[in-house]
file work_29.txt (compact mmCIF, C-alpha atoms)
# COMPACT_ATOMS: atom_id res chain seq x y z
CA MET A 1 0.00 0.00 0.00
CA SER A 2 1.43 3.39 -0.96
CA PHE A 3 0.67 6.69 0.74
CA GLY A 4 2.42 8.87 -1.82
CA LEU A 5 5.79 8.94 -0.07
CA PRO A 6 8.77 7.90 -2.16
CA SER A 7 10.70 4.82 -1.11
CA VAL A 8 14.19 5.28 0.33
CA ALA A 9 15.63 3.44 -2.70
CA SER A 10 14.03 5.88 -5.13
CA LEU A 11 15.39 8.95 -3.33
CA GLN A 12 18.70 10.30 -4.42
CA GLY A 13 21.30 11.44 -1.85
CA GLY A 14 20.24 15.10 -1.84
CA SER A 15 16.54 14.33 -1.64
CA LEU A 16 17.04 11.93 1.27
CA LYS A 17 19.04 14.54 3.17
CA ALA A 18 16.37 17.14 2.51
CA LEU A 19 13.63 14.80 3.75
CA ILE A 20 15.57 13.94 6.93
CA LEU A 21 16.32 17.62 7.55
CA THR A 22 12.65 18.52 7.09
CA VAL A 23 11.52 15.83 9.53
CA LEU A 24 14.11 16.87 12.14
CA LEU A 25 13.22 20.57 11.86
CA SER A 26 9.52 19.72 12.16
CA VAL A 27 10.12 17.77 15.36
CA PHE A 28 12.27 20.50 16.95
CA MET A 29 10.02 23.38 15.81
CA PHE A 30 6.87 21.71 17.18
CA GLN A 31 7.80 22.45 20.81
CA LEU A 32 8.76 26.04 20.05
CA LEU A 33 5.57 26.70 18.09
CA ARG A 34 3.49 25.01 20.79
CA THR A 35 5.02 27.19 23.51
CA VAL A 36 4.54 30.40 21.50
CA GLY A 37 0.96 29.41 20.66
CA LEU A 38 0.07 28.66 24.28
CA ARG A 39 1.49 31.99 25.45
CA ALA A 40 -0.37 33.89 22.74
CA PHE A 41 -3.62 32.11 23.65
CA SER A 42 -3.06 32.82 27.35
CA MET A 43 -2.52 36.51 26.71
CA ALA A 44 -5.49 36.75 24.34
CA SER A 45 -7.89 34.87 26.61
CA GLU A 46 -7.19 36.84 29.82
CA THR A 47 -9.45 39.79 30.52
CA TYR A 48 -8.58 42.96 32.39
CA THR A 49 -10.71 45.85 33.55
CA SER A 50 -8.91 49.14 32.94
CA GLY A 51 -8.01 50.99 36.15
CA THR A 52 -8.24 47.98 38.48
CA HIS A 53 -4.51 48.36 39.17
CA SER A 54 -2.30 51.42 39.49
CA ALA A 55 1.33 52.39 39.17
CA ALA A 56 2.36 54.65 42.04
CA PHE A 57 5.50 56.74 42.40
CA ILE A 58 7.31 57.88 45.52
CA THR A 59 10.56 59.82 45.75
CA CYS A 60 13.02 59.09 48.57
CA PRO A 61 16.16 60.91 49.75
CA ASN A 62 18.44 57.86 49.40
CA GLU A 63 18.57 54.17 48.59
CA THR A 64 18.45 53.07 52.24
CA VAL A 65 15.13 54.84 52.84
CA ALA A 66 13.83 53.64 49.48
CA LYS A 67 14.61 49.98 50.17
CA GLU A 68 13.12 50.15 53.68
CA LEU A 69 9.92 51.67 52.33
CA ALA A 70 9.80 49.19 49.43
CA ARG A 71 10.20 46.20 51.74
CA GLY A 72 7.51 47.48 54.12
CA ILE A 73 5.10 48.15 51.25
CA VAL A 74 5.47 44.61 49.89
CA GLU A 75 5.41 42.96 53.34
CA LYS A 76 2.17 44.78 54.22
CA LYS A 77 0.64 43.61 50.90
CA LEU A 78 0.17 47.20 49.77
CA ALA A 79 1.84 46.31 46.45
CA ALA A 80 2.96 43.29 44.48
CA CYS A 81 6.22 44.82 43.30
CA VAL A 82 8.32 47.90 43.98
CA ASN A 83 11.17 48.92 41.68
CA VAL A 84 13.90 51.04 43.25
CA VAL A 85 15.33 53.40 40.62
CA PRO A 86 18.46 55.18 41.86
CA ALA A 87 20.00 58.49 40.89
CA ILE A 88 17.27 60.77 39.66
CA THR A 89 17.43 64.54 39.93
CA SER A 90 14.41 66.42 41.25
CA VAL A 91 13.93 70.11 40.54
CA TYR A 92 11.02 71.61 42.47
CA GLU A 93 9.77 74.67 44.30
CA TRP A 94 9.77 74.46 48.08
CA GLN A 95 8.96 77.35 50.42
CA GLY A 96 9.36 79.92 47.67
CA LYS A 97 12.75 78.67 46.36
CA ILE A 98 13.73 76.49 43.43
CA GLU A 99 15.48 73.41 44.83
CA GLU A 100 17.49 70.65 43.16
CA ASP A 101 18.18 67.33 44.89
CA SER A 102 19.31 63.81 44.13
CA ASP A 103 16.54 61.33 44.83
CA VAL A 104 15.64 57.68 44.41
CA ILE A 105 12.24 56.87 42.95
CA LEU A 106 10.02 53.93 43.77
CA MET A 107 7.80 52.55 41.01
CA ILE A 108 5.02 50.61 42.70
CA LYS A 109 2.49 48.23 41.13
CA THR A 110 -0.64 47.75 43.21
CA ARG A 111 -4.42 47.58 43.20
CA SER A 112 -6.05 50.99 42.77
CA SER A 113 -8.07 50.29 45.91
CA LYS A 114 -4.81 50.09 47.92
CA VAL A 115 -3.50 53.56 46.98
CA PRO A 116 -5.06 55.35 50.02
CA ALA A 117 -3.54 52.79 52.43
CA LEU A 118 -0.22 53.05 50.56
CA ALA A 119 -0.27 56.84 50.93
CA GLU A 120 -1.06 56.54 54.64
CA TYR A 121 1.81 54.08 55.18
CA VAL A 122 4.24 56.37 53.33
CA ARG A 123 3.11 59.44 55.32
CA SER A 124 3.77 57.57 58.56
CA SER A 125 7.15 56.13 57.48
CA HIS A 126 8.75 58.68 55.15
CA PRO A 127 11.32 61.24 56.36
CA TYR A 128 10.07 64.07 54.08
CA GLU A 129 7.69 66.60 55.56
CA VAL A 130 5.53 66.23 52.43
CA ALA A 131 6.12 62.84 50.83
CA GLU A 132 5.31 62.37 47.16
CA VAL A 133 2.76 59.64 46.55
CA ILE A 134 1.11 59.82 43.16
CA SER A 135 -0.59 57.11 41.16
CA LEU A 136 -1.84 56.50 37.67
CA PRO A 137 -4.36 53.85 36.69
CA ILE A 138 -3.03 51.00 34.56
CA ASP A 139 -5.06 50.96 31.37
CA GLN A 140 -3.46 47.93 29.71
CA GLY A 141 -0.67 45.44 30.28
CA ASN A 142 0.45 41.85 30.06
CA PRO A 143 -2.62 39.90 31.30
CA PRO A 144 -0.66 37.18 33.14
CA TYR A 145 1.37 39.88 34.95
CA LEU A 146 -1.76 41.80 35.89
CA LYS A 147 -3.36 38.58 37.14
CA TRP A 148 -0.28 37.91 39.29
CA LEU A 149 -0.48 41.47 40.63
CA GLY A 150 -4.13 40.97 41.58
CA ASP A 151 -3.45 37.56 43.12
CA THR A 152 -0.56 38.95 45.18
CA VAL A 153 -2.33 42.04 46.56
CA PRO A 154 -5.63 41.08 48.23
CA GLU A 155 -8.68 43.32 47.92

call {"tool": "encode", "arguments": {"input": "work_29.txt", "output": "structure tokens"}}
result
Amino acid sequence: MSFGLPSVASLQGGSLKALILTVLLSVFMFQLLRTVGLRAFSMASETYTSGTHSAAFITCPNETVAKELARGIVEKKLAACVNVVPAITSVYEWQGKIEEDSDVILMIKTRSSKVPALAEYVRSSHPYEVAEVISLPIDQGNPPYLKWLGDTVPE
């Protein structure tokens, strides 16, 4: 019974090598294509309501203060993740004068509902007289990341 495939005897050297190469590439590419396809499906099938989560920003006078605040924020489940970004320059008006300072900024990913508690924690723990706590709603993002964020920070 023949299925339309040539017999090994009828293949010439180059054709046999091409067939073997095609079969090997197909086997190795299957796993890669499967992984990419599953990730694409996962991202496409997740849903997200815009504004459920927020990115908040806090400036700190140095890395020590920044890391202490970041650790406390995560330990208290006020955020899923805090990035500590060193060496920014802040130019601002304070008490009628233009000031310039070196700061460290915290980039915080949290639930929007947690921003008031986050601001309260920062006010009670931050060395600045007026601590910066601002937030922006997250409109879009990687659905699996946003799911992790929501799973990590309880309502």

call {"tool": "residues_around", "arguments": {"input": "work_29.txt", "residues": "Val115 in chain A", "least_positions_apart": "5", "cutoff": "8 Å", "atoms": "all atoms listed in the file", "output": "PyMOL selection string"}}
result
chain A and resi 54+56+78+110+135

call {"tool": "closest_residue", "arguments": {"input": "work_29.txt", "among": "A:Ile134, A:Gly51, A:Asn62, A:Gly150", "to": "Pro116 in chain A", "atoms": "all atoms listed in the file"}}
result
A:Ile134

call {"tool": "residues_around", "arguments": {"input": "work_29.txt", "residues": "Glu155 in chain A", "least_positions_apart": "5", "cutoff": "8 Å", "atoms": "all atoms listed in the file", "output": "list in words"}}
result
Arg111, Ser113 and Lys114 of chain A

call {"tool": "closest_residue", "arguments": {"input": "work_29.txt", "among": "A:Asp103, A:Glu75, A:Asp151, A:Glu63", "to": "Glu132 in chain A", "atoms": "only C-alpha atoms"}}
result
A:Asp103

call {"tool": "atom_distance", "arguments": {"input": "work_29.txt", "atom1": "CA of Ile58 in chain A", "atom2": "CA of Ile98 in chain A"}}
result
19.8 Å

call {"tool": "closest_residue", "arguments": {"input": "work_29.txt", "among": "A:Ser124, A:Ser90, A:Gln95, A:Thr52", "to": "Val153 in chain A", "atoms": "only C-alpha atoms"}}
result
A:Thr52

call {"tool": "atom_distance", "arguments": {"input": "work_29.txt", "atom1": "CA of Pro61 in chain A", "atom2": "CA of Glu93 in chain A"}}
result
16.1 Å

call {"tool": "atom_distance", "arguments": {"input": "work_29.txt", "atom1": "CA of Lys109 in chain A", "atom2": "CA of Glu129 in chain A"}}
result
23.9 Å

call {"tool": "closest_residue", "arguments": {"input": "work_29.txt", "among": "A:Thr64, A:Leu106, A:Ile73, A:Lys17", "to": "Glu120 in chain A", "atoms": "only C-alpha atoms"}}
result
A:Ile73

call {"tool": "closest_residue", "arguments": {"input": "work_29.txt", "among": "A:Val65, A:Val130, A:Val74, A:Cys60", "to": "Ile108 in chain A", "atoms": "only C-alpha atoms"}}
result
A:Val74

call {"tool": "residues_near_point", "arguments": {"input": "work_29.txt", "point": "(20.2, 67.2, 45.5)", "cutoff": "10 Å", "atoms": "only C-alpha atoms", "output": "JSON, numbers by chain"}}
result
{"A": [61, 87, 88, 89, 90, 91, 99, 100, 101, 102, 103]}

call {"tool": "closest_residue", "arguments": {"input": "work_29.txt", "among": "A:Val85, A:Thr152, A:Pro143, A:Ala55", "to": "Ile105 in chain A", "atoms": "all atoms listed in the file"}}
result
A:Val85
